[in-house]
Number of protein chains: 4
Amino acid sequence: MTTAEQGVILLLSCPDRSGLVSRIAHFIFERGGNILDLDEHVDPVDRTFFIRVAWSTDSFSIPVSELEAAFTPLAREFAASWSLRFSGRRTRLAIFVSRYDHCLQELLWRNSIGEFPVDISLIVSNHPDLAPLAERYDIPFHVVAVSGENRAEAERQQIELLEQHSIDTVVLARYMQVLSGQFVERYPGRIINIHHSFLPAFVGGSPYRQAYERGVKIIGATSHFVTEELDQGPIIEQDIVRVSHKDTLDDLVRKGRDLERLVLAKAVRLHSQHRILVNGKKTVVFE
Amino acid sequence: MTTAEQGVILLLSCPDRSGLVSRIAHFIFERGGNILDLDEHVDPVDRTFFIRVAWSTDSFSIPVSELEAAFTPLAREFAASWSLRFSGRRTRLAIFVSRYDHCLQELLWRNSIGEFPVDISLIVSNHPDLAPLAERYDIPFHVVAVSGENRAEAERQQIELLEQHSIDTVVLARYMQVLSGQFVERYPGRIINIHHSFLPAFVGGSPYRQAYERGVKIIGATSHFVTEELDQGPIIEQDIVRVSHKDTLDDLVRKGRDLERLVLAKAVRLHSQHRILVNGKKTVVFE
Amino acid sequence: MTTAEQGVILLLSCPDRSGLVSRIAHFIFERGGNILDLDEHVDPVDRTFFIRVAWSTDSFSIPVSELEAAFTPLAREFAASWSLRFSGRRTRLAIFVSRYDHCLQELLWRNSIGEFPVDISLIVSNHPDLAPLAERYDIPFHVVAVSGENRAEAERQQIELLEQHSIDTVVLARYMQVLSGQFVERYPGRIINIHHSFLPAFVGGSPYRQAYERGVKIIGATSHFVTEELDQGPIIEQDIVRVSHKDTLDDLVRKGRDLERLVLAKAVRLHSQHRILVNGKKTVVFE
Amino acid sequence: MTTAEQGVILLLSCPDRSGLVSRIAHFIFERGGNILDLDEHVDPVDRTFFIRVAWSTDSFSIPVSELEAAFTPLAREFAASWSLRFSGRRTRLAIFVSRYDHCLQELLWRNSIGEFPVDISLIVSNHPDLAPLAERYDIPFHVVAVSGENRAEAERQQIELLEQHSIDTVVLARYMQVLSGQFVERYPGRIINIHHSFLPAFVGGSPYRQAYERGVKIIGATSHFVTEELDQGPIIEQDIVRVSHKDTLDDLVRKGRDLERLVLAKAVRLHSQHRILVNGKKTVVFE
């Protein structure tokens with residue numbers, strides 16, 4: 001969907017049955033909507049249906065404010081999980097960082113040239129180091145120190161900040177702290193992490209060191225939704241780069257940095273364009 | 001679509017307008033068809049609409065033999081180009097080769113393990129060299145010698161063979177002769193070639209030599225539909241491999257051989273699954 | 001090194017010290033050898049030196065039969081592990097297979113067009129299925145049935161076959177049995193396996209199923225030397241391919257098949273050209 | 001070579017002959033140098049020899065200031081083109097830009113975290129737009145307006161700036177002006193450009209538009225040395241990304257931007273580490 005047109009995106013999943021596409025398309029058509037993009041998928045194992053439809057509301061016969069109510073009966077009949085995203089409403093992002101600047105810088109720069117339809121509303125860090133970078137792009141930057149003892153209190157402060165800024169999605173841009181289950185539960189499918197390995201290889205800390213010691217010929221990076229189990233959330237995007245015996249551990253870190261930036265940026269773009277649906281432990285990504 | 005179910009695939013393109021998806025989906029739904037896969041695209045420049053819909057006909061209310069007649073009024077209203085492919089009907093392929101065996105062998109082997117839903121009905125060559133390979137897979141092999149003088153006569157013989165075997169699609173698997181405009185016209189969008197370069201770089205003969213002399217760091221292969229203009233047809237698929245100063249011309253040929261095999265095989269698979277629509281000088285490939 | 005010239009390849013590793021390249025190069029130079037290719041590496045962690053030197057012996061002042069004796073004093077001084085490979089002497093390969101034909105076919109075909117400087121002397125299988133493929137390429141094919149109880153006896157027969165055919169290297173081309181520690185010990189750095197995942201992800205059986213269930217966006221294949229620990233040997237080569245939510249488990253198997261073929265073939269080519277040195281749990285690969 | 005050690009890098013090319021490696025290695029060894037890295041290549045067509053040797057001078061028996069004189073007799077005997085780079089001496093870079101910030105930002109950021117052993121001494125632009133970016137990294141920024149009429153005068157000013165700042169290498173980071181033959185001649189093998197296509201496909205202006213209209217399935221970027229012929233200089237590095245019918249021209253520009261950044265950064269890194277030798281219309285890149 002071009003940004004110029006007013007539009008809506010429907011993301012929906014439900015048990016598969018006959019006529020889903022027809023009835024959803026008809027719902028749009030009979031209200032004067034023009035479908036701009038439609039992608040669907042049926043999981044062949046558990047027969048779940050997934051759809052993303054974007055349509056123009058320029059000639060829509062009902063106000064978009066009434067759309068949710070109008071669609072509810074159909075969604076109920078389908079026993080669907082669903083959401084509507086309006087083109088005028090930009091996703092509000094908070095970025096959590098520690099000391100590495102590469103992922104943060106990438107996201108800020110891409111956003112500044114208009115690559116993402118998001119508002120980066122808030123940066124939270126457990127270190128003050130990246131405050132100047134935040135300032136350069138004029139984004140509020142808050143330091144919330146985290147230590148073993150004060151994690152609960154730190155998370156309370158973080159959540160307060162997220163609520164004050166009406167944050168939709170949290171992006172962990174090489175944030176080096178583990179979030180508690182309670183935190184994660186508040187933002188289901190709305191916390192995106194970048195892990196610096198080709199998951200499920202090298203979970204946990206020091207993946208580059210693990211990769212170096214194992215002597216792999218390819219390293220990777222993985223962006224995934226955060227769930228309670230560390231590094232086990234649904235994978236959104238992965239990419240890789242070749243390495244050889246000539247590459248030192250520092251070279252792996254350097255090469256991996258480029259992967260991390262690009263993979264996280266792609267995941268954020270896909271999410272901000274409402275192209276991702278969670279399917280159990282996996283994702284459906286309508287590119 | 002899994003091969004177990006009976007089904008139909010519709011490929012259609014027409015000028016874009018409101019309601020196309022809805023009306024096509026409704027056409028299927030009201031006749032008891034269950035959509036298994038739907039992909040659509042609108043060319044943003046000339047506003048042409050493209051769709052591929054696969055549906056199960058297990059509970060279809062009309063015989064598939066009447067489907068074409070039933071859909072014709074809708075197609076006419078849309079001013080559409082369209083075709084229907086029935087799961088019981090396998091595409092009939094002829095493969096044209098010269099002396100290189102790698103592409104032919106790849107296609108025959110993949111077909112033998114069921115990767116393509118096609119019948120390879122005929123192999124035509126201007127050299128007898130690959131007859132034993134054809135024999136191993138039990139495919140009729142015909143030598144039609146081609147020289148400067150007899151090209152017209154040779155093509156007459158080739159077309160006769162294609163007609164005798166009711167061939168739908170011709171695959172040029174490193175066939176080293178250029179086909180005439182008259183030949184090409186008979187099979188619009190139904191002759192698939194593999195060119196051993198990353199088109200449009202290195203058109204014409206000796207692309208590996210050209211690539212070697214230019215000192216490129218990446219070589220490629222391109223599968224495309226054949227049109228009257230040499231190497232200018234709509235591109236179906238491309239892939240690449242890295243090369244370095246260490247690679248000799250022979251190394252480029254060796255590395256390129258792997259690309260040619262894989263790229264051509266992928267193009268044939270996409271075509272046999274009715275996933276390709278021609279859009280002027282380009283293709284729409286619904287993967 | 002072009003195959004036309006007579007030549008020798010030295011593979012050597014030893015503790016790093018000053019003057020190694022100079023003294024090895026000088027050893028060759030003063031005997032009239034012309035270095036065709038030289039590659040070296042120093043492991044920065046444990047300071048081990050690795051070198052591969054290929055030189056032409058066309059004007060060599062001593063017979064190649066005396067080369068080993070002539071080089072021994074230098075090697076001893078360096079406390080080196082080393083070996084010499086003469087261009088006239090082709091590596092003798094045994095291929096172990098079960099029922100899948102794709103890797104075997106790939107190796108046989110590539111060898112038939114001269115891609116590897118090896119003799120494929122023997123094919124051993126625990127099933128008779130691939131006998132016709134072996135026959136087509138005129139390679140001795142032996143069935144050695146393996147079951148839980150008779151593994152020791154089966155391995156005795158296999159080793160007898162390997163010795164009868166003076167086998168240098170064993171290639172496991174999707175051979176579905178685990179070799180015993182005793183077997184593996186007899187062929188250190190000389191058993192090459194293809195594992196159908198991106199190791200260390202998805203060790204053990206059913207890696208494609210594991211990958212499918214985890215929802216990865218990229219799958220891989222890994223060729224490695226076999227050691228006593230399953231799937232833990234030094235990695236020679238890896239490659240990957242993208243997958244998406246649209247890919248079924250069968251699609252993963254199909255896409256993976258292409259990876260397996262190409263990755264194993266590359267590992268065999270590198271090994272046959274004496275480009276691989278083992279460095280503890282890793283490899284040094286001089287491409 | 002780790003940056004901690006003092007060292008020298010020799011880049012040399014000459015007609016191939018017996019004993020080159022031995023005599024160069026011996027030259028280093030007999031003066032107490034310890035070879036840290038050695039890579040060589042012989043062009044099989046015109047038999048030119050290329051070598052890169054890095055050695056530690058920690059225990060060198062002669063001062064590095066006398067090294068050039070000491071090596072000259074050998075180089076003369078070999079009829080070699082050669083140069084020595086000392087680890088204490090960083091390459092001085094000037095970056096030329098127009099209005100696009102992505103390549104400049106990438107180079108400045110990478111340099112700021114120590115990825116390149118260079119000094120970025122000067123930024124020259126024909127537009128004032130990127131002055132704030134230069135200022136942020138504290139690099140002198142000069143606007144030299146260029147128009148059809150004043151190109152000669154503009155180049156005179158540019159050369160004056162390059163000389164004032166003792167610039168070794170000029171990097172064109174999406175600089176949208178063509179340099180004259182006279183300018184290019186002053187910096188042979190020392191002007192690096194990024195072209196936003198997979199050369200030799202789509203030379204000249206608007207390569208993304210050309211790629212979009214041709215319907216390619218892969219786009220690329222190419223970094224090359226600038227020569228008098230536009231887009232014909234020796235290629236240093238290339239990379240590609242997949243595109244599909246879904247990608248608009250804007251998507252190609254966006255995807256290509258990432259390629260341009262990474263490919264140019266890699267070329268600058270290779271050049272700054274003295275890993276590139278020009279071989280006629282090609283390069284030898286010792287990675």
# chains A, B, ... in the order shown; residues from 1 in each chain; ligands from 1
$ select_by_dssp --residues "stretch 17-247 of chain A" --states "alpha helix (DSSP H)" --output "ChimeraX atom specification"
/A:20-30,67-78,102-112,131-136,151-164,181-186,207-214
$ select_by_dssp --residues "stretch 4-165 of chain A" --states "strand (DSSP E or B)" --output "PyMOL selection string"
chain A and resi 7-15+34-42+48-56+81-86+91-97+118-125+141-143
$ write_last_selection --atoms "N, CA and C atoms" --output "compact mmCIF listing (two decimals), in the first residue's frame"
# COMPACT_ATOMS: atom_id res chain seq x y z
N GLY A 7 -5.94 3.98 4.19
CA GLY A 7 -6.23 2.56 4.09
C GLY A 7 -6.26 1.87 5.43
N VAL A 8 -6.63 0.61 5.37
CA VAL A 8 -6.72 -0.24 6.54
C VAL A 8 -6.02 -1.54 6.23
N ILE A 9 -5.39 -2.13 7.24
CA ILE A 9 -4.83 -3.47 7.10
C ILE A 9 -5.51 -4.36 8.13
N LEU A 10 -6.05 -5.48 7.66
CA LEU A 10 -6.61 -6.49 8.55
C LEU A 10 -5.64 -7.65 8.66
N LEU A 11 -5.28 -8.01 9.89
CA LEU A 11 -4.52 -9.23 10.16
C LEU A 11 -5.46 -10.16 10.90
N LEU A 12 -5.61 -11.39 10.42
CA LEU A 12 -6.58 -12.30 11.02
C LEU A 12 -6.09 -13.73 10.93
N SER A 13 -6.34 -14.49 11.99
CA SER A 13 -6.12 -15.94 11.91
C SER A 13 -7.29 -16.65 12.56
N CYS A 14 -7.63 -17.83 12.04
CA CYS A 14 -8.76 -18.59 12.58
C CYS A 14 -8.68 -20.01 12.04
N PRO A 15 -9.46 -20.93 12.61
CA PRO A 15 -9.49 -22.27 12.05
C PRO A 15 -9.93 -22.21 10.58
N ASN A 34 -11.37 -0.94 -1.82
CA ASN A 34 -10.63 -1.51 -2.95
C ASN A 34 -9.40 -2.23 -2.41
N ILE A 35 -9.37 -3.56 -2.59
CA ILE A 35 -8.24 -4.35 -2.05
C ILE A 35 -6.95 -3.98 -2.77
N LEU A 36 -5.94 -3.59 -2.00
CA LEU A 36 -4.65 -3.20 -2.55
C LEU A 36 -3.67 -4.35 -2.48
N ASP A 37 -3.83 -5.21 -1.50
CA ASP A 37 -2.88 -6.31 -1.32
C ASP A 37 -3.55 -7.37 -0.46
N LEU A 38 -3.46 -8.62 -0.89
CA LEU A 38 -4.05 -9.70 -0.12
C LEU A 38 -3.09 -10.88 -0.13
N ASP A 39 -2.83 -11.42 1.02
CA ASP A 39 -1.94 -12.58 1.14
C ASP A 39 -2.58 -13.51 2.15
N GLU A 40 -2.60 -14.80 1.86
CA GLU A 40 -3.20 -15.72 2.83
C GLU A 40 -2.33 -16.97 2.91
N HIS A 41 -2.55 -17.73 3.96
CA HIS A 41 -1.78 -18.96 4.17
C HIS A 41 -2.60 -19.89 5.05
N VAL A 42 -2.52 -21.18 4.74
CA VAL A 42 -3.13 -22.17 5.62
C VAL A 42 -2.04 -23.09 6.13
N THR A 48 -4.82 -23.99 10.38
CA THR A 48 -5.14 -22.62 10.76
C THR A 48 -5.00 -21.73 9.53
N PHE A 49 -5.92 -20.82 9.40
CA PHE A 49 -5.96 -19.88 8.28
C PHE A 49 -5.40 -18.53 8.72
N PHE A 50 -4.55 -17.94 7.88
CA PHE A 50 -3.97 -16.63 8.16
C PHE A 50 -4.22 -15.71 6.97
N ILE A 51 -4.56 -14.47 7.24
CA ILE A 51 -4.74 -13.56 6.12
C ILE A 51 -4.29 -12.15 6.51
N ARG A 52 -3.75 -11.46 5.52
CA ARG A 52 -3.47 -10.02 5.61
C ARG A 52 -4.12 -9.38 4.41
N VAL A 53 -5.00 -8.45 4.64
CA VAL A 53 -5.62 -7.70 3.53
C VAL A 53 -5.45 -6.22 3.78
N ALA A 54 -4.98 -5.55 2.79
CA ALA A 54 -4.88 -4.08 2.85
C ALA A 54 -5.86 -3.52 1.84
N TRP A 55 -6.68 -2.55 2.26
CA TRP A 55 -7.58 -1.96 1.28
C TRP A 55 -7.65 -0.46 1.47
N SER A 56 -7.97 0.18 0.38
CA SER A 56 -8.12 1.64 0.39
C SER A 56 -9.50 1.99 0.92
N SER A 81 -8.76 -14.58 15.76
CA SER A 81 -7.94 -13.54 16.37
C SER A 81 -7.68 -12.51 15.28
N TRP A 82 -7.85 -11.26 15.56
CA TRP A 82 -7.73 -10.28 14.47
C TRP A 82 -7.41 -8.91 15.01
N SER A 83 -6.91 -8.07 14.12
CA SER A 83 -6.67 -6.67 14.46
C SER A 83 -6.72 -5.84 13.20
N LEU A 84 -7.05 -4.58 13.36
CA LEU A 84 -7.11 -3.63 12.25
C LEU A 84 -6.08 -2.54 12.50
N ARG A 85 -5.37 -2.17 11.47
CA ARG A 85 -4.38 -1.09 11.58
C ARG A 85 -4.75 -0.02 10.56
N PHE A 86 -4.84 1.20 11.01
CA PHE A 86 -5.23 2.30 10.14
C PHE A 86 -4.01 3.08 9.69
N THR A 91 2.69 3.06 14.39
CA THR A 91 3.12 2.25 15.53
C THR A 91 4.10 3.06 16.38
N ARG A 92 3.89 3.00 17.70
CA ARG A 92 4.79 3.72 18.62
C ARG A 92 5.79 2.74 19.21
N LEU A 93 7.06 3.04 18.96
CA LEU A 93 8.14 2.12 19.31
C LEU A 93 8.96 2.65 20.48
N ALA A 94 9.32 1.73 21.40
CA ALA A 94 10.38 2.03 22.36
C ALA A 94 11.57 1.14 22.03
N ILE A 95 12.76 1.71 22.08
CA ILE A 95 13.96 0.91 21.83
C ILE A 95 14.73 0.78 23.14
N PHE A 96 15.04 -0.46 23.50
CA PHE A 96 15.88 -0.72 24.67
C PHE A 96 17.30 -1.02 24.20
N VAL A 97 18.27 -0.36 24.79
CA VAL A 97 19.67 -0.59 24.42
C VAL A 97 20.55 -0.68 25.65
N VAL A 118 6.81 4.29 11.53
CA VAL A 118 6.69 4.22 13.00
C VAL A 118 7.11 5.54 13.63
N ASP A 119 6.70 5.73 14.86
CA ASP A 119 7.26 6.77 15.70
C ASP A 119 8.17 6.12 16.73
N ILE A 120 9.42 6.49 16.72
CA ILE A 120 10.31 6.02 17.78
C ILE A 120 10.14 7.03 18.91
N SER A 121 9.42 6.60 19.95
CA SER A 121 8.94 7.56 20.94
C SER A 121 9.83 7.62 22.17
N LEU A 122 10.70 6.63 22.32
CA LEU A 122 11.36 6.47 23.60
C LEU A 122 12.56 5.54 23.45
N ILE A 123 13.67 5.89 24.10
CA ILE A 123 14.82 4.99 24.19
C ILE A 123 15.11 4.77 25.67
N VAL A 124 15.21 3.51 26.05
CA VAL A 124 15.49 3.17 27.44
C VAL A 124 16.80 2.39 27.46
N SER A 125 17.69 2.76 28.39
CA SER A 125 18.96 2.05 28.47
C SER A 125 19.36 1.83 29.92
N PHE A 141 15.43 9.94 26.02
CA PHE A 141 16.34 8.87 26.42
C PHE A 141 16.30 8.76 27.93
N HIS A 142 15.98 7.57 28.45
CA HIS A 142 15.91 7.39 29.89
C HIS A 142 16.85 6.29 30.34
N VAL A 143 17.64 6.57 31.36
CA VAL A 143 18.50 5.54 31.94
C VAL A 143 17.75 4.88 33.08
$ atom_distance --atom1 "atom CA of A:Thr283" --atom2 "atom CA of A:Ile236"
6.3 Å
$ interface_residues --of "chain C" --to "chain D" --cutoff "6 Å" --atoms "only C-alpha atoms" --output "ChimeraX atom specification"
/C:18-19,22,25-26,29,34
$ atom_distance --atom1 "atom CA of B:Phe60" --atom2 "atom CA of B:Ala80"
23.3 Å
$ residues_around --residues "D:Gly215" --least-positions-apart "4" --cutoff "10 Å" --atoms "only C-alpha atoms" --output "list of chain:residue names"
B:Gly233, B:Pro234, B:Ile235, B:Ile236, B:Asn279, B:Gly280, B:Lys281, B:Lys282, B:Thr283, B:Val284, D:Arg209, D:Gln210, D:Ala211, D:Ile219, D:Val243, D:Ser244, D:His245
$ closest_residue --among "B:Leu259, B:Ala70, B:Ala221, B:Val226" --to "B:Val178" --atoms "only C-alpha atoms"
B:Val226
$ atom_distance --atom1 "atom CA of C:Tyr187" --atom2 "atom CA of C:Leu162"
10.6 Å
$ closest_residue --among "B:Val146, B:Leu249, B:Ala134, B:Ile167" --to "D:Asp43" --atoms "only C-alpha atoms"
B:Leu249
$ closest_residue --among "C:Arg136, C:Arg275, C:Lys217, C:Arg99" --to "A:Glu237" --atoms "only C-alpha atoms"
C:Lys217
$ residues_around --residues "D:Thr222" --least-positions-apart "2" --cutoff "8 Å" --atoms "only C-alpha atoms" --output "list in words"
Ile194, His195, His196, Ser197, Phe198, Leu199, Gly220, His224, Ile235, Ile236, Glu237, Gln238, Asp239, Glu260, Val263 and Leu264 of chain D
$ write_last_selection --atoms "C-alpha atoms" --output "PDB file, in the first residue's frame"
ATOM      1  CA  ILE D 194      30.322   2.767  -5.773  1.00  0.00           C
ATOM      2  CA  HIS D 195      28.040   2.087  -8.712  1.00  0.00           C
ATOM      3  CA  HIS D 196      24.468   1.210  -7.891  1.00  0.00           C
ATOM      4  CA  SER D 197      24.163  -1.776 -10.191  1.00  0.00           C
ATOM      5  CA  PHE D 198      25.660  -5.158 -10.771  1.00  0.00           C
ATOM      6  CA  LEU D 199      28.180  -4.053 -13.397  1.00  0.00           C
ATOM      7  CA  GLY D 220      23.476  -5.483  -7.223  1.00  0.00           C
ATOM      8  CA  HIS D 224      35.440  -0.268  -8.577  1.00  0.00           C
ATOM      9  CA  ILE D 235      35.976  -4.188 -10.010  1.00  0.00           C
ATOM     10  CA  ILE D 236      36.885  -4.521  -6.318  1.00  0.00           C
ATOM     11  CA  GLU D 237      33.711  -5.939  -4.801  1.00  0.00           C
ATOM     12  CA  GLN D 238      30.111  -6.719  -5.738  1.00  0.00           C
ATOM     13  CA  ASP D 239      27.082  -7.910  -3.880  1.00  0.00           C
ATOM     14  CA  GLU D 260      25.810   0.311  -1.710  1.00  0.00           C
ATOM     15  CA  VAL D 263      29.893  -2.951  -0.754  1.00  0.00           C
ATOM     16  CA  LEU D 264      31.595   0.443  -0.624  1.00  0.00           C
TER      17      LEU D 264
END
$ closest_residue --among "A:Glu185, A:Phe286, A:Leu270, A:Val216" --to "A:Leu252" --atoms "only C-alpha atoms"
A:Val216
$ residues_around --residues "C:Ala152" --least-positions-apart "5" --cutoff "12 Å" --atoms "only C-alpha atoms" --output "list in words"
Val144, Ala145, Val146, Ser147, Gln157, Gln158, Ile159, Val178, Leu179, Ser180, Gly181, Gln182 and Phe183 of chain C
